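Structure file entry_14.cif with mmCIF, C-alpha atoms:
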```
data_structure
#
loop_
_atom_site.label_atom_id
_atom_site.label_comp_id
_atom_site.auth_asym_id
_atom_site.auth_seq_id
_atom_site.Cartn_x
_atom_site.Cartn_y
_atom_site.Cartn_z
CA MET A 1 0.00 0.00 0.00
CA ARG A 2 2.90 2.35 0.74
CA LEU A 3 0.75 4.70 2.78
CA THR A 4 2.30 7.69 4.50
CA TYR A 5 1.47 9.12 7.91
CA PRO A 6 2.55 12.37 9.61
CA THR A 7 6.28 12.48 10.32
CA SER A 8 5.62 13.96 13.75
CA VAL A 9 4.57 10.50 14.91
CA LYS A 10 7.38 8.51 16.51
CA ILE A 11 6.60 4.87 17.10
CA VAL A 12 7.63 3.10 20.29
CA ARG A 13 7.06 -0.62 19.82
CA VAL A 14 5.84 -2.75 22.70
CA PRO A 15 4.86 -6.44 22.69
CA CYS A 16 1.32 -5.52 23.79
CA THR A 17 -0.33 -2.25 24.82
CA GLY A 18 -0.76 -3.90 28.23
CA LYS A 19 2.97 -3.25 28.68
CA VAL A 20 2.46 0.51 28.61
CA ASP A 21 2.26 1.89 32.10
CA VAL A 22 0.94 5.16 33.53
CA GLN A 23 4.50 6.04 34.46
CA HIS A 24 5.73 5.65 30.87
CA MET A 25 3.10 8.05 29.58
CA LEU A 26 3.66 10.57 32.38
CA ARG A 27 7.42 10.52 31.89
CA ALA A 28 6.98 11.17 28.16
CA MET A 29 4.70 14.12 28.87
CA GLU A 30 7.05 15.41 31.54
CA LYS A 31 9.96 15.25 29.12
CA GLY A 32 8.04 17.31 26.61
CA ALA A 33 6.08 15.01 24.30
CA ASP A 34 3.24 17.01 22.74
CA GLY A 35 0.91 14.05 22.79
CA ILE A 36 0.79 10.30 23.16
CA TYR A 37 -1.54 7.82 21.65
CA ILE A 38 -1.62 4.15 22.32
CA VAL A 39 -2.68 1.95 19.43
CA GLY A 40 -3.86 -1.44 20.60
CA CYS A 41 -5.64 -4.38 19.05
CA LYS A 42 -9.40 -4.28 18.83
CA GLU A 43 -11.16 -4.72 22.14
CA GLY A 44 -11.94 -8.37 22.73
CA GLU A 45 -9.19 -9.44 20.34
CA CYS A 46 -6.14 -9.05 22.56
CA HIS A 47 -3.67 -11.88 22.13
CA TYR A 48 -2.95 -11.60 25.86
CA LYS A 49 -6.67 -11.31 26.66
CA TYR A 50 -6.85 -7.97 28.52
CA GLY A 51 -3.74 -6.01 27.50
CA ASN A 52 -5.61 -3.43 25.43
CA LEU A 53 -8.33 -3.03 28.07
CA ARG A 54 -5.68 -2.39 30.71
CA ALA A 55 -4.02 0.14 28.40
CA ARG A 56 -7.35 1.96 28.01
CA ARG A 57 -7.76 2.18 31.79
CA ARG A 58 -4.22 3.49 32.13
CA VAL A 59 -4.79 6.09 29.43
CA GLU A 60 -7.87 7.22 31.35
CA GLN A 61 -5.80 7.44 34.51
CA VAL A 62 -3.18 9.59 32.77
CA GLN A 63 -5.93 11.84 31.37
CA LYS A 64 -7.24 12.33 34.90
CA ILE A 65 -3.78 13.22 36.20
CA LEU A 66 -3.17 15.65 33.33
CA ASN A 67 -6.45 17.38 34.11
CA ALA A 68 -5.48 17.59 37.76
CA VAL A 69 -2.17 19.30 36.98
CA GLY A 70 -3.77 21.72 34.55
CA MET A 71 -2.72 20.16 31.24
CA GLN A 72 -5.07 19.21 28.43
CA SER A 73 -6.02 15.56 28.82
CA GLU A 74 -6.81 15.26 25.09
CA ARG A 75 -3.07 15.01 24.53
CA VAL A 76 -3.29 11.38 25.53
CA GLN A 77 -5.56 9.03 23.63
CA MET A 78 -6.28 5.34 23.13
CA TYR A 79 -7.04 3.86 19.72
CA ASN A 80 -7.86 0.33 18.68
CA LEU A 81 -7.45 -1.30 15.31
CA SER A 82 -6.71 -4.57 13.62
CA SER A 83 -2.98 -4.95 12.93
CA SER A 84 -3.61 -5.41 9.22
CA ASP A 85 -5.68 -2.24 8.88
CA ALA A 86 -3.07 0.20 7.55
CA PRO A 87 -5.53 2.84 6.25
CA LEU A 88 -7.08 3.10 9.71
CA PHE A 89 -3.62 3.40 11.26
CA VAL A 90 -2.95 6.35 8.97
CA LYS A 91 -6.33 7.86 9.77
CA TYR A 92 -5.65 7.71 13.51
CA ALA A 93 -2.16 9.16 13.08
CA GLU A 94 -3.59 12.08 11.09
CA GLU A 95 -6.39 12.56 13.60
CA MET A 96 -3.93 12.69 16.48
CA ASN A 97 -1.58 14.96 14.54
CA ASP A 98 -4.43 17.40 13.87
CA ARG A 99 -5.54 17.29 17.48
CA ILE A 100 -2.07 18.12 18.77
CA LYS A 101 -1.59 20.86 16.18
CA LYS A 102 -4.80 22.48 17.41
CA LEU A 103 -3.69 22.17 21.04
CA GLY A 104 -0.23 23.51 20.32
CA PRO A 105 3.02 22.32 21.88
CA ASN A 106 3.26 20.77 25.32
CA PRO A 107 3.00 23.76 27.72
CA ILE A 108 5.81 22.39 29.89
CA LYS A 109 8.18 22.27 26.95
CA ALA A 110 7.12 25.72 25.81
CA ARG A 111 7.76 27.18 29.28
CA ALA A 112 11.14 25.48 29.58
CA LYS A 113 12.15 26.88 26.19
CA SER A 114 11.12 30.43 26.98
CA LYS A 115 13.00 30.20 30.28
CA ASP A 116 16.13 29.01 28.45
CA GLN A 117 15.82 31.93 26.05
CA GLN A 118 15.45 34.35 28.97
CA ALA A 119 18.52 32.90 30.59
CA ALA A 120 20.49 33.24 27.35
CA MET B 121 -2.45 -5.64 55.36
CA ILE B 122 -3.27 -2.01 55.93
CA VAL B 123 -5.34 -0.88 52.98
CA ALA B 124 -5.02 2.69 51.77
CA ASP B 125 -6.49 4.61 48.87
CA LYS B 126 -4.81 7.34 46.84
CA LYS B 127 -5.75 10.91 47.60
CA PRO B 128 -6.74 13.02 44.58
CA VAL B 129 -3.70 14.75 43.05
CA GLU B 130 -5.52 18.10 43.41
CA GLU B 131 -5.64 17.69 47.18
CA ILE B 132 -1.92 16.90 47.40
CA ILE B 133 -1.10 19.87 45.16
CA GLU B 134 -3.03 22.07 47.57
CA TYR B 135 -0.75 20.91 50.44
CA VAL B 136 2.55 21.47 48.67
CA LYS B 137 1.91 24.21 46.14
CA ASP B 138 3.99 26.74 48.10
CA SER B 139 6.97 24.46 48.62
CA SER B 140 9.86 24.34 46.19
CA LYS B 141 11.70 21.22 47.34
CA ILE B 142 9.53 18.22 47.97
CA LEU B 143 10.20 14.59 48.73
CA VAL B 144 7.60 12.00 47.80
CA LEU B 145 8.15 9.14 50.20
CA GLY B 146 6.73 5.69 49.54
CA CYS B 147 6.64 2.49 51.54
CA ASN B 148 7.49 -1.01 50.32
CA GLU B 149 4.99 -2.80 52.52
CA CYS B 150 1.17 -2.84 52.68
CA VAL B 151 0.61 0.24 50.55
CA THR B 152 2.72 -1.28 47.79
CA VAL B 153 0.49 -4.36 47.76
CA CYS B 154 -2.68 -2.28 47.65
CA GLU B 155 -1.11 -0.15 44.91
CA ALA B 156 -1.51 3.15 46.71
CA GLY B 157 1.92 4.04 48.05
CA GLY B 158 4.69 1.90 46.58
CA LYS B 159 7.61 2.81 44.37
CA LYS B 160 5.44 2.96 41.29
CA GLU B 161 2.89 5.28 42.89
CA VAL B 162 5.75 7.46 44.14
CA GLY B 163 6.88 7.78 40.50
CA VAL B 164 3.41 8.65 39.28
CA LEU B 165 2.73 11.23 42.00
CA ALA B 166 6.18 12.83 41.71
CA SER B 167 5.76 13.03 37.94
CA ALA B 168 2.34 14.67 38.35
CA LEU B 169 3.71 17.20 40.84
CA ARG B 170 6.70 18.02 38.61
CA MET B 171 4.33 18.61 35.69
CA TYR B 172 2.12 20.80 37.85
CA PHE B 173 5.02 23.01 38.91
CA ALA B 174 6.49 23.14 35.39
CA ASN B 175 3.08 24.11 34.03
CA GLN B 176 2.82 26.87 36.64
CA GLY B 177 6.24 28.08 35.59
CA LYS B 178 7.56 27.47 39.07
CA ASP B 179 11.01 26.10 39.79
CA ALA B 180 10.47 23.21 42.13
CA THR B 181 12.30 19.97 42.76
CA VAL B 182 10.29 16.86 43.45
CA ASP B 183 12.38 13.87 44.47
CA GLU B 184 11.36 10.27 44.88
CA ARG B 185 12.26 7.77 47.56
CA THR B 186 10.69 4.55 48.74
CA LEU B 187 11.63 3.03 52.07
CA GLU B 188 11.33 -0.58 53.08
CA ARG B 189 8.94 0.54 55.83
CA GLN B 190 7.98 3.85 57.36
CA CYS B 191 6.88 2.32 60.64
CA ASP B 192 10.37 1.37 61.86
CA HIS B 193 13.17 3.58 63.10
CA GLU B 194 15.92 1.90 61.12
CA TYR B 195 14.32 2.40 57.73
CA LEU B 196 13.21 5.95 58.45
CA GLU B 197 16.77 6.76 59.46
CA GLU B 198 17.78 6.17 55.83
CA ILE B 199 16.57 9.65 54.93
CA ARG B 200 18.24 11.35 57.91
CA ASP B 201 21.00 12.82 55.75
CA ILE B 202 18.73 14.22 53.10
CA ALA B 203 15.54 15.12 54.97
CA ASP B 204 16.69 18.61 55.91
CA GLN B 205 16.97 19.63 52.27
CA TYR B 206 13.23 19.42 51.83
CA GLU B 207 10.56 21.97 52.56
CA ALA B 208 7.89 19.29 52.55
CA ILE B 209 7.56 15.53 52.56
CA VAL B 210 4.53 13.85 51.00
CA SER B 211 4.32 10.43 52.58
CA ILE B 212 2.22 7.89 50.77
CA ALA B 213 2.62 5.23 53.43
CA CYS B 214 -0.36 4.43 55.65
CA GLY B 215 -1.34 6.79 58.46
CA VAL B 216 1.13 5.00 60.71
CA GLY B 217 4.07 5.70 58.42
CA ILE B 218 3.02 9.29 57.82
CA GLN B 219 2.85 9.96 61.56
CA PHE B 220 6.10 8.20 62.34
CA THR B 221 7.87 10.18 59.63
CA ALA B 222 6.43 13.39 61.07
CA GLU B 223 7.50 12.39 64.57
CA LYS B 224 11.01 11.63 63.45
CA TYR B 225 11.51 14.70 61.28
CA HIS B 226 10.00 17.21 63.60
CA SER B 227 10.78 20.41 61.73
CA ILE B 228 9.66 19.32 58.26
CA PRO B 229 5.98 19.35 57.31
CA VAL B 230 4.83 15.85 56.39
CA TYR B 231 1.66 15.62 54.32
CA PRO B 232 -0.48 12.55 53.65
CA GLY B 233 -0.75 11.34 50.07
CA VAL B 234 -3.21 8.56 50.82
CA ASN B 235 -6.33 7.94 52.85
CA THR B 236 -5.75 4.96 55.13
CA ARG B 237 -8.88 2.85 55.09
CA PHE B 238 -8.77 -0.46 56.95
CA LEU B 239 -7.10 -3.79 57.66
CA GLY B 240 -8.10 -6.01 54.81
CA VAL B 241 -7.37 -8.45 52.03
CA THR B 242 -6.95 -8.32 48.27
CA GLU B 243 -10.04 -10.17 47.08
CA GLN B 244 -9.03 -9.59 43.49
CA ARG B 245 -6.82 -7.06 41.76
CA GLY B 246 -8.38 -3.68 42.43
CA LEU B 247 -10.76 -4.93 45.13
CA TRP B 248 -9.80 -4.80 48.79
CA THR B 249 -12.17 -5.62 51.61
CA GLU B 250 -12.09 -5.24 55.37
CA ARG B 251 -11.38 -8.19 57.62
CA CYS B 252 -10.16 -6.89 60.98
CA GLN B 253 -10.83 -3.91 63.22
CA ALA B 254 -7.99 -4.62 65.63
CA CYS B 255 -10.40 -4.83 68.56
CA GLY B 256 -7.63 -6.35 70.66
CA THR B 257 -9.49 -9.45 71.90
CA CYS B 258 -9.78 -11.94 69.08
CA ILE B 259 -12.80 -14.21 69.06
CA LEU B 260 -12.22 -15.90 65.70
CA ALA B 261 -11.78 -19.27 67.44
CA TYR B 262 -15.50 -19.27 68.27
CA THR B 263 -16.84 -17.84 65.05
CA GLY B 264 -15.39 -20.21 62.50
CA GLY B 265 -12.63 -17.79 61.53
CA ILE B 266 -15.07 -15.11 60.40
CA CYS B 267 -15.08 -11.88 62.36
CA PRO B 268 -18.44 -10.42 63.39
CA VAL B 269 -16.71 -7.30 64.73
CA SER B 270 -15.37 -6.24 61.35
CA ARG B 271 -17.86 -7.88 59.03
CA CYS B 272 -21.19 -7.36 60.77
CA ALA B 273 -22.47 -3.79 60.47
CA LYS B 274 -23.77 -3.98 64.04
CA ARG B 275 -20.75 -5.85 65.40
CA ILE B 276 -23.16 -8.22 67.15
CA LEU B 277 -21.78 -11.27 68.86
CA ASN B 278 -24.97 -13.36 68.91
CA GLY B 279 -26.32 -13.02 65.40
CA PRO B 280 -27.74 -12.84 62.91
CA CYS B 281 -30.07 -9.92 63.53
CA GLY B 282 -33.52 -9.56 61.97
CA GLY B 283 -32.07 -7.67 59.04
CA SER B 284 -30.32 -10.68 57.57
CA THR B 285 -32.08 -11.64 54.32
CA LYS B 286 -31.09 -14.49 52.05
CA GLY B 287 -27.53 -14.30 53.30
CA SER B 288 -27.26 -10.53 52.82
CA CYS B 289 -27.01 -7.67 55.27
CA GLU B 290 -29.84 -5.13 55.46
CA ILE B 291 -27.48 -2.21 54.93
CA ASN B 292 -26.71 -3.40 51.42
CA LYS B 293 -27.52 -6.53 49.45
CA GLU B 294 -23.94 -6.65 48.23
CA VAL B 295 -22.69 -7.10 51.80
CA PRO B 296 -22.87 -10.71 52.97
CA CYS B 297 -24.38 -11.25 56.41
CA ALA B 298 -21.37 -12.06 58.60
CA TRP B 299 -23.47 -14.31 60.80
CA GLN B 300 -24.75 -16.26 57.81
CA LEU B 301 -21.10 -16.76 56.82
CA ILE B 302 -20.26 -17.84 60.36
CA ILE B 303 -23.09 -20.38 60.48
CA ASP B 304 -22.16 -21.78 57.05
CA ARG B 305 -18.54 -22.07 58.08
CA LEU B 306 -19.29 -23.66 61.47
CA LYS B 307 -21.47 -26.17 59.63
CA ALA B 308 -18.64 -26.93 57.21
CA ILE B 309 -16.18 -27.64 60.04
CA ASP B 310 -18.84 -29.51 62.02
CA ARG B 311 -18.73 -27.10 64.95
CA LEU B 312 -22.29 -25.83 65.05
CA ASP B 313 -22.16 -26.53 68.79
CA LEU B 314 -20.23 -23.25 69.07
CA TYR B 315 -23.19 -21.41 67.59
CA GLU B 316 -25.48 -22.87 70.26
CA LYS B 317 -23.56 -21.14 73.03
CA LEU B 318 -24.43 -17.59 74.00
CA PHE B 319 -21.51 -15.23 73.68
CA PRO B 320 -20.59 -13.51 76.93
CA ILE B 321 -20.17 -9.74 76.93
CA LYS B 322 -16.96 -9.01 75.07
CA ASP B 323 -14.09 -7.18 76.71
CA TRP B 324 -14.06 -3.94 74.74
CA SER B 325 -11.41 -2.31 76.90
CA THR B 326 -8.80 -3.42 74.36
CA ASP B 327 -10.69 -1.72 71.54
CA ARG B 328 -10.02 1.82 70.37
CA ALA B 329 -12.57 3.28 72.83
CA GLY B 330 -9.95 3.06 75.57
CA GLY B 331 -7.76 5.61 73.79
CA PRO B 332 -4.50 4.95 71.93
CA ARG B 333 -3.25 1.44 72.61
CA LYS B 334 0.13 -0.08 73.04
CA VAL B 335 1.68 -3.52 73.19
CA GLU B 336 4.58 -3.92 75.55
CA ARG B 337 6.52 -7.16 75.66
CA GLU B 338 9.24 -7.65 78.18
CA ASP B 339 10.39 -10.87 76.51
CA VAL B 340 11.53 -9.09 73.37
CA LYS B 341 12.74 -5.85 74.87
CA ILE B 342 16.46 -5.16 74.71
#
```
Entire entry expressed as structure tokens:
Amino acid sequence: MRLTYPTSVKIVRVPCTGKVDVQHMLRAMEKGADGIYIVGCKEGECHYKYGNLRARRRVEQVQKILNAVGMQSERVQMYNLSSSDAPLFVKYAEEMNDRIKKLGPNPIKARAKSKDQQAA
Amino acid sequence: MIVADKKPVEEIIEYVKDSSKILVLGCNECVTVCEAGGKKEVGVLASALRMYFANQGKDATVDERTLERQCDHEYLEEIRDIADQYEAIVSIACGVGIQFTAEKYHSIPVYPGVNTRFLGVTEQRGLWTERCQACGTCILAYTGGICPVSRCAKRILNGPCGGSTKGSCEINKEVPCAWQLIIDRLKAIDRLDLYEKLFPIKDWSTDRAGGPRKVEREDVKI
């Protein structure tokens, strides 16, 4: 198919979305990621039974924490698709890319940058 | 184990928002098992606090540390050298650990990061239920190993009461009637004779009503 998706998306491969922990997502946000989305198998079709359902719960937890600290929770999302569905993968990547573009850069990163500039 | 529940991040932020050097202190024991105050939760809370401060444009350091226990001198001593650097400690151990940390580090404010709930068990992942109220005079030998003090809403010793319906308590159908459980269990171990006996008035002087309690054992004192 040779489909293309936004270059802003960096893929971190994990054996199952159940491997992704709240801490991993928070660390990424803390270090300045503009957004994170977890792409798991379709619900009910997890090879490890509940990995994708756990990931969804964890994404919800991260969203709650982001809200609590005053950051937009929409920066973190959960998507599900079949591993052979490339067009849907591209659609989700574009959707997420658009969402983040609308939200702008991670406020933490933006603040750190402006501080660096002030210091310089 | 002692079961605790996480406090909302907003509440913890409210405690420490004016501090600029904070230590989030976890405990490797009960609160780790009930996933409220272990190393992982320390990481999550510290990360949330760092993001909060960064988002506010405030320079603040939030460090992480998890002790083996916060209810023993020797483990709490491990932070002796570093404690003075902090303007605030958020302890996510149980209420015991939080208090002991505060006692030991007298001049540093120690804030709770969890709500300590009860002595209980992990029924399944994410579900903890109460089993003991530490009344100080255990009667489990007579009740088939099921505690009417912690599991009966009325704490009655000669039950069930009239509110027991189809094995459930009247306060909530989801709550099993402790006395139904006791009878079923005594039947299973062929000790229904214990149920026939009237329970004498229990000695409640060892319960919390007598004020803070202590256990003193000469045989283990050094």
Select all residues from chain A having any atom no more than 7 Å from an atom of chain B (counting only C-alpha atoms, ignoring ligands), output as JSON, numbers by chain. {"A": [23, 26, 27, 30, 65, 68, 69, 70, 107, 108, 111]}
Extract, using all atoms listed in the file, all DNA, RNA and protein residues at most 12 Å from Met1 in chain A, discarding same-chain residues fewer than 4 positions from it, and format them as a ChimeraX atom specification. /A:84-87,90
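The space between CA of Asp327 in chain B and CA of Gly256 in chain B spans 5.6 Å.
Each of B:Tyr206, B:Leu247, B:Cys289, B:Thr186 was compared to Thr152 in chain B using all atoms listed in the file, and B:Thr186 turns out to be the nearest.
All protein and nucleic acid residues in the vicinity of (3.6, 4.4, 51.2), that is within 9 Å when counting only C-alpha atoms, are B:Ala124, B:Leu145, B:Gly146, B:Cys147, B:Asn148, B:Glu149, B:Cys150, B:Val151, B:Thr152, B:Ala156, B:Gly157, B:Gly158, B:Lys159, B:Glu161, B:Val162, B:Thr186, B:Leu187, B:Arg189, B:Gln190, B:Ser211, B:Ile212, B:Ala213, B:Cys214, B:Gly217, B:Ile218, B:Gly233, B:Val234.
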Could you expand the PyMOL selection byres ((chain B and resi 225) around 10) into the explicit residues it covers here, written as an MDAnalysis selection string? chainID B and resid 196:197 199:200 203:204 209 219:224 226:230
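Between CA of Thr236 in chain B and CA of Lys64 in chain A the interatomic distance comes to 21.6 Å.
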To test your reading of the syntax: which residues would the PyMOL selection byres ((chain A and resi 43-45) around 12) return for the file shown? Reply as a PyMOL selection string. chain A and resi 16-17+39-42+46-56+78-83
What is the CA of Thr7 in chain A-CA of Met96 in chain A distance in Å, reported with one decimal? 11.9 Å
Can you give me, as number ranges by chain, the residues this file yields under the PyMOL selection byres ((chain A and resi 92-95) around 8)? A: 5-6, 9, 79, 88-91, 96-99
Let me have the centre and edge lengths of the axis-aligned box enclosing all listed atoms of range 18-27 of chain A with 3 Å padding on every side, in Å to one decimal, as lines of an AutoDock Vina configuration file.
```
center_x = 3.3
center_y = 3.3
center_z = 31.3
size_x = 14.2
size_y = 20.5
size_z = 12.2
```
Spatial neighbours of Phe238 in chain B, max dist 10 Å, only C-alpha atoms, sep filter under 3 positions, as JSON, numbers by chain: {"B": [121, 122, 123, 124, 125, 214, 235, 241, 248, 249, 250, 251, 252, 253, 254, 270]}
Close residues, Gly283 in chain B itself excluded, 12 Å, all atoms listed in the file, min 6 positions apart in chain, as a PDB file with C-alpha atoms, in the frame of the given file:
```
ATOM      1  CA  CYS B 272     -21.190  -7.360  60.770  1.00  0.00           C
ATOM      2  CA  ALA B 273     -22.470  -3.790  60.470  1.00  0.00           C
ATOM      3  CA  LYS B 274     -23.770  -3.980  64.040  1.00  0.00           C
ATOM      4  CA  CYS B 289     -27.010  -7.670  55.270  1.00  0.00           C
ATOM      5  CA  GLU B 290     -29.840  -5.130  55.460  1.00  0.00           C
ATOM      6  CA  ILE B 291     -27.480  -2.210  54.930  1.00  0.00           C
ATOM      7  CA  ASN B 292     -26.710  -3.400  51.420  1.00  0.00           C
ATOM      8  CA  LYS B 293     -27.520  -6.530  49.450  1.00  0.00           C
ATOM      9  CA  VAL B 295     -22.690  -7.100  51.800  1.00  0.00           C
ATOM     10  CA  PRO B 296     -22.870 -10.710  52.970  1.00  0.00           C
ATOM     11  CA  CYS B 297     -24.380 -11.250  56.410  1.00  0.00           C
ATOM     12  CA  ALA B 298     -21.370 -12.060  58.600  1.00  0.00           C
ATOM     13  CA  TRP B 299     -23.470 -14.310  60.800  1.00  0.00           C
ATOM     14  CA  GLN B 300     -24.750 -16.260  57.810  1.00  0.00           C
TER      15      GLN B 300
END
```
